[in-house]
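Below is final-v7.cif, holding mmCIF, C-alpha atoms.
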data_my_file
loop_
_atom_site.group_PDB
_atom_site.id
_atom_site.type_symbol
_atom_site.label_atom_id
_atom_site.label_comp_id
_atom_site.auth_asym_id
_atom_site.auth_seq_id
_atom_site.Cartn_x
_atom_site.Cartn_y
_atom_site.Cartn_z
ATOM 1 C CA TYR A 299 92.429 97.192 96.422
ATOM 2 C CA ASN A 300 92.293 100.017 93.887
ATOM 3 C CA LYS A 301 91.021 102.332 96.585
ATOM 4 C CA GLY A 302 94.093 101.404 98.643
ATOM 5 C CA LEU A 303 96.336 102.371 95.737
ATOM 6 C CA LEU A 304 94.529 105.700 95.542
ATOM 7 C CA PHE A 305 95.004 106.335 99.261
ATOM 8 C CA GLU A 306 98.701 105.504 98.881
ATOM 9 C CA ASP A 307 98.967 108.065 96.085
ATOM 10 C CA MET A 308 97.190 110.586 98.307
ATOM 11 C CA CYS A 309 99.701 109.953 101.135
ATOM 12 C CA SER A 310 97.082 108.363 103.380
ATOM 13 C CA PRO A 311 98.838 105.130 104.361
ATOM 14 C CA GLU A 312 96.513 104.136 107.211
ATOM 15 C CA GLU A 313 93.509 104.291 104.886
ATOM 16 C CA ALA A 314 95.470 102.308 102.287
ATOM 17 C CA VAL A 315 96.206 99.552 104.831
ATOM 18 C CA THR A 316 92.516 99.386 105.735
ATOM 19 C CA CYS A 317 91.556 99.008 102.073
ATOM 20 C CA TYR A 318 94.163 96.316 101.439
ATOM 21 C CA ARG A 319 93.000 94.379 104.479
ATOM 22 C CA VAL A 320 89.401 94.574 103.271
ATOM 23 C CA ALA A 321 90.544 93.310 99.868
ATOM 24 C CA THR A 322 92.224 90.284 101.459
ATOM 25 C CA ASN A 323 88.821 89.222 102.810
ATOM 26 C CA CYS A 324 87.141 89.353 99.404
ATOM 27 C CA PRO A 325 86.882 86.293 97.176
ATOM 28 C CA SER A 326 89.696 86.487 94.646
ATOM 29 C CA SER A 327 92.421 84.431 93.028
ATOM 30 C CA CYS A 328 95.551 83.398 94.911
ATOM 31 C CA GLU A 329 97.568 85.751 92.726
ATOM 32 C CA GLN A 330 95.330 88.679 93.644
ATOM 33 C CA GLN A 331 95.440 87.731 97.328
ATOM 34 C CA GLY A 332 99.231 87.700 97.173
ATOM 35 C CA ARG A 333 99.233 91.160 95.600
ATOM 36 C CA TYR A 334 96.842 92.519 98.249
ATOM 37 C CA TRP A 335 98.925 91.146 101.120
ATOM 38 C CA SER A 336 102.194 92.352 99.572
ATOM 39 C CA SER A 337 100.801 95.848 99.037
ATOM 40 C CA CYS A 338 99.645 95.924 102.635
ATOM 41 C CA GLY A 339 103.101 94.793 103.786
ATOM 42 C CA LEU A 340 104.849 97.531 101.827
ATOM 43 C CA VAL A 341 102.743 100.259 103.420
ATOM 44 C CA LEU A 342 103.057 98.770 106.900
ATOM 45 C CA ASN A 343 106.825 98.568 106.453
ATOM 46 C CA ASP A 344 106.903 102.238 105.411
ATOM 47 C CA LEU A 345 104.969 103.022 108.601
ATOM 48 C CA GLY A 346 107.565 101.165 110.671
ATOM 49 C CA ARG A 347 105.061 98.475 111.658
ATOM 50 C CA ASN A 348 107.462 95.678 110.844
ATOM 51 C CA GLU A 349 105.753 92.819 112.703
ATOM 52 C CA GLU A 350 102.532 93.521 110.832
ATOM 53 C CA ALA A 351 104.448 93.889 107.566
ATOM 54 C CA LEU A 352 106.111 90.523 108.158
ATOM 55 C CA HIS A 353 102.714 88.935 108.761
ATOM 56 C CA SER A 354 101.476 90.439 105.482
ATOM 57 C CA TYR A 355 104.445 89.066 103.552
ATOM 58 C CA ASP A 356 103.932 85.650 105.135
ATOM 59 C CA GLU A 357 100.301 85.731 104.009
ATOM 60 C CA ALA A 358 101.382 86.812 100.523
ATOM 61 C CA ILE A 359 103.757 83.852 100.392
ATOM 62 C CA LYS A 360 100.994 81.496 101.530
ATOM 63 C CA ALA A 361 98.830 82.735 98.657
ATOM 64 C CA THR A 362 101.636 82.887 96.077
ATOM 65 C CA PRO A 363 104.678 80.869 97.208
ATOM 66 C CA LEU A 364 106.549 81.682 93.995
ATOM 67 C CA SER A 365 106.294 85.452 94.441
ATOM 68 C CA LEU A 366 109.820 86.802 94.154
ATOM 69 C CA ASP A 367 108.791 90.219 95.505
ATOM 70 C CA ALA A 368 107.132 88.756 98.593
ATOM 71 C CA TRP A 369 110.271 86.776 99.476
ATOM 72 C CA VAL A 370 112.550 89.794 98.895
ATOM 73 C CA ASN A 371 110.314 92.124 100.904
ATOM 74 C CA ARG A 372 110.139 89.529 103.676
ATOM 75 C CA GLY A 373 113.945 89.443 103.743
ATOM 76 C CA GLN A 374 114.164 93.216 103.899
ATOM 77 C CA VAL A 375 111.744 93.552 106.804
ATOM 78 C CA LEU A 376 113.449 90.716 108.698
ATOM 79 C CA SER A 377 116.785 92.451 108.210
ATOM 80 C CA GLU A 378 115.316 95.719 109.501
ATOM 81 C CA MET A 379 114.099 93.786 112.558
ATOM 82 C CA GLY A 380 117.607 92.442 113.206
ATOM 83 C CA ARG A 381 116.572 88.896 112.308
ATOM 84 C CA TYR A 382 119.454 88.466 109.911
ATOM 85 C CA ASP A 383 119.578 84.668 109.654
ATOM 86 C CA GLU A 384 115.896 84.568 108.710
ATOM 87 C CA ALA A 385 116.436 87.421 106.248
ATOM 88 C CA ILE A 386 119.203 85.464 104.543
ATOM 89 C CA GLN A 387 116.914 82.429 104.245
ATOM 90 C CA SER A 388 114.269 84.593 102.566
ATOM 91 C CA TYR A 389 116.846 86.041 100.177
ATOM 92 C CA LYS A 390 118.075 82.526 99.368
ATOM 93 C CA LYS A 391 114.526 81.461 98.524
ATOM 94 C CA ALA A 392 114.169 84.533 96.297
ATOM 95 C CA LEU A 393 117.454 83.693 94.576
ATOM 96 C CA ASP A 394 116.201 80.149 93.968
ATOM 97 C CA LEU A 395 113.116 81.608 92.297
ATOM 98 C CA CYS A 396 115.162 83.768 89.931
ATOM 99 C CA ASN A 397 117.972 81.260 89.276
ATOM 100 C CA ASP A 398 120.464 83.407 91.237
ATOM 101 C CA ALA A 399 120.192 86.102 88.548
ATOM 102 C CA ASP A 400 119.063 89.202 90.490
ATOM 103 C CA PRO A 401 121.897 91.554 91.506
ATOM 104 C CA GLY A 402 119.668 93.441 93.931
ATOM 105 C CA ILE A 403 118.999 90.329 95.979
ATOM 106 C CA TRP A 404 122.713 89.485 96.065
ATOM 107 C CA TYR A 405 123.380 93.058 97.212
ATOM 108 C CA ASN A 406 120.789 92.703 100.009
ATOM 109 C CA MET A 407 122.474 89.431 101.003
ATOM 110 C CA ALA A 408 125.844 91.189 101.105
ATOM 111 C CA LEU A 409 124.470 93.905 103.382
ATOM 112 C CA THR A 410 122.879 91.333 105.671
ATOM 113 C CA TYR A 411 126.055 89.258 105.895
ATOM 114 C CA ALA A 412 127.940 92.467 106.704
ATOM 115 C CA LEU A 413 125.511 93.123 109.554
ATOM 116 C CA LEU A 414 126.359 89.635 110.823
ATOM 117 C CA ASP A 415 130.072 90.550 110.580
ATOM 118 C CA ASP A 416 130.598 87.763 108.039
ATOM 119 C CA VAL A 417 133.023 89.626 105.796
ATOM 120 C CA SER A 418 133.790 86.641 103.577
ATOM 121 C CA LEU A 419 130.167 85.935 102.635
ATOM 122 C CA ALA A 420 129.446 89.667 102.353
ATOM 123 C CA GLU A 421 132.300 90.019 99.835
ATOM 124 C CA THR A 422 131.206 86.926 97.912
ATOM 125 C CA SER A 423 127.607 88.141 97.712
ATOM 126 C CA PHE A 424 128.679 91.632 96.679
ATOM 127 C CA SER A 425 130.939 90.202 93.967
ATOM 128 C CA LYS A 426 127.999 88.215 92.597
ATOM 129 C CA ALA A 427 125.844 91.351 92.637
ATOM 130 C CA VAL A 428 128.442 93.327 90.714
ATOM 131 C CA GLY A 429 128.983 90.467 88.263
ATOM 132 C CA LEU A 430 125.267 90.360 87.468
ATOM 133 C CA ASP A 431 124.832 94.144 87.348
ATOM 134 C CA ARG A 432 124.677 94.633 83.579
ATOM 135 C CA LEU A 433 123.944 98.333 83.935
ATOM 136 C CA GLU A 434 127.000 98.720 86.155
ATOM 137 C CA VAL A 435 125.033 100.608 88.783
ATOM 138 C CA MET A 436 127.010 98.986 91.591
ATOM 139 C CA ALA A 437 130.443 99.313 90.006
#

In structure tokens, how does this file's structure come out?
Amino acid sequence: YNKGLLFEDMCSPEEAVTCYRVATNCPSSCEQQGRYWSSCGLVLNDLGRNEEALHSYDEAIKATPLSLDAWVNRGQVLSEMGRYDEAIQSYKKALDLCNDADPGIWYNMALTYALLDDVSLAETSFSKAVGLDRLEVMA
């Protein structure tokens, strides 16, 4: 896993993916397995290999079902793949995990609803994002 992080830092994403995949086959805790799969998914997503990234996020969620990042990243890759309804379900699960308190997830929901041409839900989600944005980044 650490070698994968090093390859990422060295801008060698293919080598990083290989290292993360090796790490997923090593005996480790569920939490570590979730981290390995999520890291692999992030790199695969950056490479545009969305189906593989989705598989990695699904594996991360199997290992750590309460991983907020895995659910958010799953939503993002599904949205990039045009699978908006599934993306929204992933974002809703993430919101459940954080008690609806993450403005970034609400913002992602707003964007996804906009892509579905659901203006009403996009506006509602964006309003929630702005209301939770204590740093006023979205204002």

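Within the 10 Å cut-off around range 410-414 of chain A, using all atoms listed in the file and omitting residues fewer than 2 positions from it on the same chain, the listed residues are Gly373, Gln374, Leu376, Ser377, Glu378, Gly380, Arg381, Tyr382, Asp383, Ala385, Ile386, Tyr389, Trp404, Tyr405, Asn406, Met407, Ala408, Asp416, Val417, Ser418, Leu419, Ala420, Glu421, Thr422, Ser423 and Phe424 of chain A.
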
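If you look at CA of Trp369 in chain A and CA of Ser336 in chain A, they are 9.8 Å away from each other.
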
d(CA of Cys338 in chain A, CA of Ala361 in chain A) in Å: 13.8 Å

The PyMOL selection byres ((chain A and resi 391) around 12) applied to the shown file, residues as a ChimeraX atom specification: /A:359,363-373,384-390,392-398,403-404,407

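Minimum distance to Lys301 in chain A across A:Ser337, A:Ser326, A:Ser425, A:Gln331 (counting all atoms listed in the file) occurs at A:Ser337.
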
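Note that CA of Leu304 in chain A and CA of Gly339 in chain A are 16.1 Å apart.
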
Counting only C-alpha atoms, the option among A:Ala321, A:Ala427, A:Cys309, A:Val315 closest to Leu340 in chain A: A:Val315

Could you list, as a compact mmCIF listing (two decimals) with C-alpha atoms, in the coordinates of the input, every residue matched by the PyMOL selection byres ((chain A and resi 342) around 12) in this structure?
# COMPACT_ATOMS: atom_id res chain seq x y z
CA GLU A 306 98.70 105.50 98.88
CA SER A 310 97.08 108.36 103.38
CA PRO A 311 98.84 105.13 104.36
CA GLU A 312 96.51 104.14 107.21
CA GLU A 313 93.51 104.29 104.89
CA ALA A 314 95.47 102.31 102.29
CA VAL A 315 96.21 99.55 104.83
CA THR A 316 92.52 99.39 105.74
CA TYR A 318 94.16 96.32 101.44
CA ARG A 319 93.00 94.38 104.48
CA TRP A 335 98.92 91.15 101.12
CA SER A 336 102.19 92.35 99.57
CA SER A 337 100.80 95.85 99.04
CA CYS A 338 99.64 95.92 102.64
CA GLY A 339 103.10 94.79 103.79
CA LEU A 340 104.85 97.53 101.83
CA VAL A 341 102.74 100.26 103.42
CA ASN A 343 106.82 98.57 106.45
CA ASP A 344 106.90 102.24 105.41
CA LEU A 345 104.97 103.02 108.60
CA GLY A 346 107.56 101.16 110.67
CA ARG A 347 105.06 98.48 111.66
CA ASN A 348 107.46 95.68 110.84
CA GLU A 349 105.75 92.82 112.70
CA GLU A 350 102.53 93.52 110.83
CA ALA A 351 104.45 93.89 107.57
CA LEU A 352 106.11 90.52 108.16
CA HIS A 353 102.71 88.94 108.76
CA SER A 354 101.48 90.44 105.48
CA TYR A 355 104.44 89.07 103.55
CA ASN A 371 110.31 92.12 100.90
CA VAL A 375 111.74 93.55 106.80

Counting only C-alpha atoms, the residue of A:Met308, A:Ala358, A:Tyr299, A:Cys317 that sits nearest Gly332 in chain A: A:Ala358
